[in-house]
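Colleague: Mind having a look at this structure? Questions to follow.
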Amino acid sequence: MIPRYSRDEMASLWAPETRFRIWLEIEAHACDAQAALGLIPETAARAVRERGAFEVERIEEIERETRHDVIAFLTNLAEHVGPEARFVHRGMTSSDVLDTCLAVQLTRAADLLDGGIAAVMAALERRAREHRLTPCIGRSHGIHAEPTTFGLKLAGHYAEFARNRARLATARAEVATCAISGAVGTFANIDPRVEAHVAAKLGLAVEPVSTQIVPRDRHAAFFAALGLVASAVERLATEIRHLQRTELREAEEYFAPGQKGSSAMPHKRNPVLTENLTGLARIVRSHVAPALENVVLWHERDISHSSVERMIAPDATVTLDFALARLAGVVDRLVVYPERMRANLEALGGLIHSQRVLLALAEAGMSREDAYAAVQRSAMRVWEEGGDFLALLQADGEVTRHLSGDALAALFDLDHHLAHVDTIFERVFGPAGPFSPA
């Protein structure tokens, strides 16, 4: 997590000040519940509420001696609360505070990431509707296949982000659990009603079986969801990078006045933002494997997961938050060149209509094998020598025995490929909305 790829709201969620504030809130809620149950004096709970405070520097100073962050926090808290602090943390263990705090942080992070995905989806929908009928070549294996539209390309990415938004919501719900169950999770020294109270106050669910810690399969699912969002970011970024290649020039990142592309070559306009997004996506995905490794712990608990989570939780969420904001901006300001798309569509002399000719010949009575051979014969000639695919077909006696010249020409109608665009758009976006063309 470095400032260059961080945004303040997400980064502040992982700051020590925020973490200790949540710890204080957890301890205060637990004291309130225990006081209500008659387990500690009400004056003790009130003291925590009224005098509870901490100093990050003081906690760090104490931890250098105790080598235990929660004890250091509780010691500093006691310095403010006074004698009533002996009732703080009653029956609890460190993981009760640590895991419940992490649940709060991850759910808040998920909410911020949800907003980032929503922004990307809004930009994709606007641009997809704008280019709903902008024809371009579809590519398979990187090679010209058949026509599609630029709007359909973007609609596909929108649908992927919609799926990932749902996955993130599921992962948020799964990780939003509270554990206030004491050593080895048996509630031997704390009433389960305390856990229920703290969970309700923090907007969490109670962990059914905490074994002193929240099971890490929950966290693994969370980070896996982040990895899938990152992959969606990279897939769209990679598409834009390819479309910006000099040989294609169908779309490109916005190039601001005064921007420089190269220290050596003044003509360069490089896809630096989407290349950056590709790299950031790799970082986020790299945190999925450690989260999966964290699932396997010794017996009721160990802390082999702790050091991992101290790094991957802030790094993955902060990096993905930044990437989503950057991607929304890239899509929103993407420069699209319909004329280049049209030129690329026509670059192979009509070969992109080969399937329609194949199907028409088969329907006219030729075997599929013979039809394929006849169409491929002319197609390979155009591929190797250039020329007009339709003209070669019209000059092929085997082909024209089954289809007239006019019938062949009718098969080269670009609109045929766009006939079901609106059907797909309705599947993705629902009925025409505010971004629909008039």
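Identifiers for the structure tokens are assigned positionally: chains receive A, B, ... in sequence, residues are indexed from 1 per chain, and ligands are indexed from 1 in the order shown.
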So that I can see what lies close to segment 404-417 of chain A, please list as JSON, numbers by chain the residues with an atom at most 8 Å from it, counting only C-alpha atoms and leaving out residues fewer than 5 positions away in the same chain.

Modeller: {"A": [147, 148, 350, 353, 356, 357, 390, 393, 394]}

Colleague: Pull the helix (DSSP H, G or I) assignments for segment 132-328 of chain A out of DSSP run on the backbone, and list those residues as a JSON list (two decimals) with C-alpha atoms, in the first residue's frame.

Modeller:
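For reference, states.json as written:
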```
[["chain", "number", "residue", "atom", "x", "y", "z"],
["A", 150, "PHE", "CA", -18.33, -1.71, -29.86],
["A", 151, "GLY", "CA", -21.39, -1.36, -27.66],
["A", 152, "LEU", "CA", -21.68, -5.13, -27.41],
["A", 153, "LYS", "CA", -18.03, -5.37, -26.39],
["A", 154, "LEU", "CA", -18.66, -2.96, -23.54],
["A", 155, "ALA", "CA", -21.94, -4.65, -22.62],
["A", 156, "GLY", "CA", -20.05, -7.89, -22.08],
["A", 157, "HIS", "CA", -17.69, -6.18, -19.67],
["A", 158, "TYR", "CA", -20.64, -4.56, -17.89],
["A", 159, "ALA", "CA", -22.23, -7.98, -17.38],
["A", 160, "GLU", "CA", -18.99, -9.32, -15.90],
["A", 161, "PHE", "CA", -18.77, -6.44, -13.43],
["A", 162, "ALA", "CA", -22.42, -7.02, -12.50],
["A", 163, "ARG", "CA", -21.59, -10.64, -11.67],
["A", 164, "ASN", "CA", -18.60, -9.56, -9.64],
["A", 165, "ARG", "CA", -20.65, -6.99, -7.78],
["A", 166, "ALA", "CA", -22.99, -9.79, -6.71],
["A", 167, "ARG", "CA", -20.00, -11.96, -5.72],
["A", 168, "LEU", "CA", -18.60, -9.13, -3.61],
["A", 169, "ALA", "CA", -21.96, -8.71, -1.85],
["A", 170, "THR", "CA", -21.96, -12.43, -1.03],
["A", 171, "ALA", "CA", -18.37, -12.28, 0.20],
["A", 172, "ARG", "CA", -19.17, -9.23, 2.33],
["A", 173, "ALA", "CA", -22.02, -11.08, 4.02],
["A", 174, "GLU", "CA", -19.82, -14.11, 4.61],
["A", 175, "VAL", "CA", -17.00, -12.20, 6.25],
["A", 183, "ALA", "CA", -10.46, -18.68, 24.84],
["A", 184, "VAL", "CA", -11.00, -21.57, 22.39],
["A", 185, "GLY", "CA", -14.45, -20.19, 21.66],
["A", 192, "PRO", "CA", -23.00, -15.49, 24.50],
["A", 193, "ARG", "CA", -25.45, -12.61, 24.84],
["A", 194, "VAL", "CA", -22.47, -10.26, 24.98],
["A", 195, "GLU", "CA", -21.41, -11.46, 21.55],
["A", 196, "ALA", "CA", -24.93, -10.99, 20.21],
["A", 197, "HIS", "CA", -25.04, -7.42, 21.55],
["A", 198, "VAL", "CA", -21.66, -6.46, 20.07],
["A", 199, "ALA", "CA", -22.58, -8.04, 16.73],
["A", 200, "ALA", "CA", -25.85, -6.13, 16.55],
["A", 201, "LYS", "CA", -24.17, -2.82, 17.40],
["A", 202, "LEU", "CA", -21.54, -3.33, 14.68],
["A", 217, "ASP", "CA", -12.51, -19.87, 4.78],
["A", 218, "ARG", "CA", -14.69, -16.76, 5.10],
["A", 219, "HIS", "CA", -11.74, -14.49, 4.45],
["A", 220, "ALA", "CA", -10.47, -16.67, 1.63],
["A", 221, "ALA", "CA", -13.82, -16.27, -0.12],
["A", 222, "PHE", "CA", -13.59, -12.51, 0.36],
["A", 223, "PHE", "CA", -10.15, -12.22, -1.20],
["A", 224, "ALA", "CA", -11.13, -14.58, -4.00],
["A", 225, "ALA", "CA", -13.98, -12.21, -4.82],
["A", 226, "LEU", "CA", -11.51, -9.33, -4.93],
["A", 227, "GLY", "CA", -9.33, -11.39, -7.26],
["A", 228, "LEU", "CA", -12.23, -11.87, -9.65],
["A", 229, "VAL", "CA", -12.99, -8.16, -9.65],
["A", 230, "ALA", "CA", -9.32, -7.51, -10.40],
["A", 231, "SER", "CA", -9.47, -9.96, -13.30],
["A", 232, "ALA", "CA", -12.46, -8.08, -14.71],
["A", 233, "VAL", "CA", -10.45, -4.88, -14.44],
["A", 234, "GLU", "CA", -7.54, -6.43, -16.29],
["A", 235, "ARG", "CA", -9.68, -8.01, -19.00],
["A", 236, "LEU", "CA", -11.17, -4.64, -19.91],
["A", 237, "ALA", "CA", -7.80, -2.91, -19.61],
["A", 238, "THR", "CA", -6.23, -5.49, -21.92],
["A", 239, "GLU", "CA", -8.97, -5.01, -24.50],
["A", 240, "ILE", "CA", -8.36, -1.25, -24.52],
["A", 241, "ARG", "CA", -4.61, -1.78, -24.79],
["A", 242, "HIS", "CA", -5.10, -3.99, -27.83],
["A", 243, "LEU", "CA", -7.50, -1.57, -29.48],
["A", 272, "VAL", "CA", -0.18, 3.87, -19.71],
["A", 273, "LEU", "CA", -3.31, 3.87, -17.57],
["A", 274, "THR", "CA", -4.54, 0.49, -18.74],
["A", 275, "GLU", "CA", -1.03, -0.95, -18.52],
["A", 276, "ASN", "CA", -0.97, 0.30, -14.95],
["A", 277, "LEU", "CA", -4.33, -1.35, -14.31],
["A", 278, "THR", "CA", -2.97, -4.65, -15.60],
["A", 279, "GLY", "CA", -0.15, -4.45, -13.07],
["A", 280, "LEU", "CA", -2.44, -3.48, -10.19],
["A", 281, "ALA", "CA", -4.75, -6.40, -10.99],
["A", 282, "ARG", "CA", -1.80, -8.76, -10.67],
["A", 283, "ILE", "CA", -1.09, -7.41, -7.19],
["A", 284, "VAL", "CA", -4.68, -7.92, -6.04],
["A", 285, "ARG", "CA", -4.82, -11.47, -7.43],
["A", 286, "SER", "CA", -1.50, -12.31, -5.80],
["A", 288, "VAL", "CA", -5.73, -14.72, -3.12],
["A", 289, "ALA", "CA", -3.29, -17.61, -2.66],
["A", 290, "PRO", "CA", -2.08, -16.46, 0.81],
["A", 291, "ALA", "CA", -5.72, -16.07, 1.89],
["A", 292, "LEU", "CA", -6.37, -19.66, 0.84],
["A", 293, "GLU", "CA", -3.27, -20.81, 2.74],
["A", 304, "SER", "CA", 0.15, -17.86, 11.20],
["A", 305, "HIS", "CA", -2.67, -16.02, 9.41],
["A", 306, "SER", "CA", -2.11, -12.76, 11.29],
["A", 307, "SER", "CA", 1.00, -11.43, 9.57],
["A", 308, "VAL", "CA", -0.49, -12.33, 6.19],
["A", 309, "GLU", "CA", -3.72, -10.45, 6.82],
["A", 310, "ARG", "CA", -1.92, -7.38, 8.15],
["A", 311, "MET", "CA", -0.46, -7.05, 4.67],
["A", 312, "ILE", "CA", -3.03, -8.43, 2.24],
["A", 313, "ALA", "CA", -6.14, -6.81, 3.74],
["A", 314, "PRO", "CA", -5.01, -3.20, 3.29],
["A", 315, "ASP", "CA", -2.98, -3.87, 0.15],
["A", 316, "ALA", "CA", -5.72, -5.72, -1.75],
["A", 317, "THR", "CA", -8.56, -3.39, -0.83],
["A", 318, "VAL", "CA", -6.63, -0.15, -1.27],
["A", 319, "THR", "CA", -5.15, -1.26, -4.59],
["A", 320, "LEU", "CA", -8.46, -2.48, -5.98],
["A", 321, "ASP", "CA", -10.22, 0.69, -4.83],
["A", 322, "PHE", "CA", -7.68, 2.78, -6.73],
["A", 323, "ALA", "CA", -7.89, 0.54, -9.80],
["A", 324, "LEU", "CA", -11.68, 0.75, -10.00],
["A", 325, "ALA", "CA", -11.61, 4.55, -9.77],
["A", 326, "ARG", "CA", -8.95, 4.72, -12.47],
["A", 327, "LEU", "CA", -10.83, 2.32, -14.74],
["A", 328, "ALA", "CA", -14.07, 4.30, -14.42]]
```

Colleague: What's the separation between atom CA of Val81 of chain A and atom CA of Ile62 of chain A, in Å to one decimal place?

Modeller: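 Going from atom CA of Val81 of chain A over to atom CA of Ile62 of chain A, I get 16.7 Å.
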
Colleague: Identify, on the basis of only C-alpha atoms, every residue whose closest approach to Ser210 of chain A does not exceed 10 Å; exclude the query and any residue fewer than 6 positions from it along the same chain; express the result as a list of chain:residue names.

Modeller: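 Counting only C-alpha atoms, the residues come to A:Ser95, A:Asp96, A:Asp99, A:Thr177, A:Cys178, A:Ala179, A:Ile180, A:Ser181, A:Gly182, A:Ala183, A:Val184, A:Gly185, A:Thr186, A:Glu300, A:Arg301.
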
Colleague: Can you work out the spacing between atom CA of Ala176 of chain A and atom CA of Leu102 of chain A in Å, to one decimal?

Modeller: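 Distance reported for this atom pair: 8.9 Å.
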
Colleague: Report the distance between atom CA of Gly430 of chain A and atom CA of Ala128 of chain A in Å, rounded to one decimal place.

Modeller: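 Interatomic distance here is 13.2 Å.
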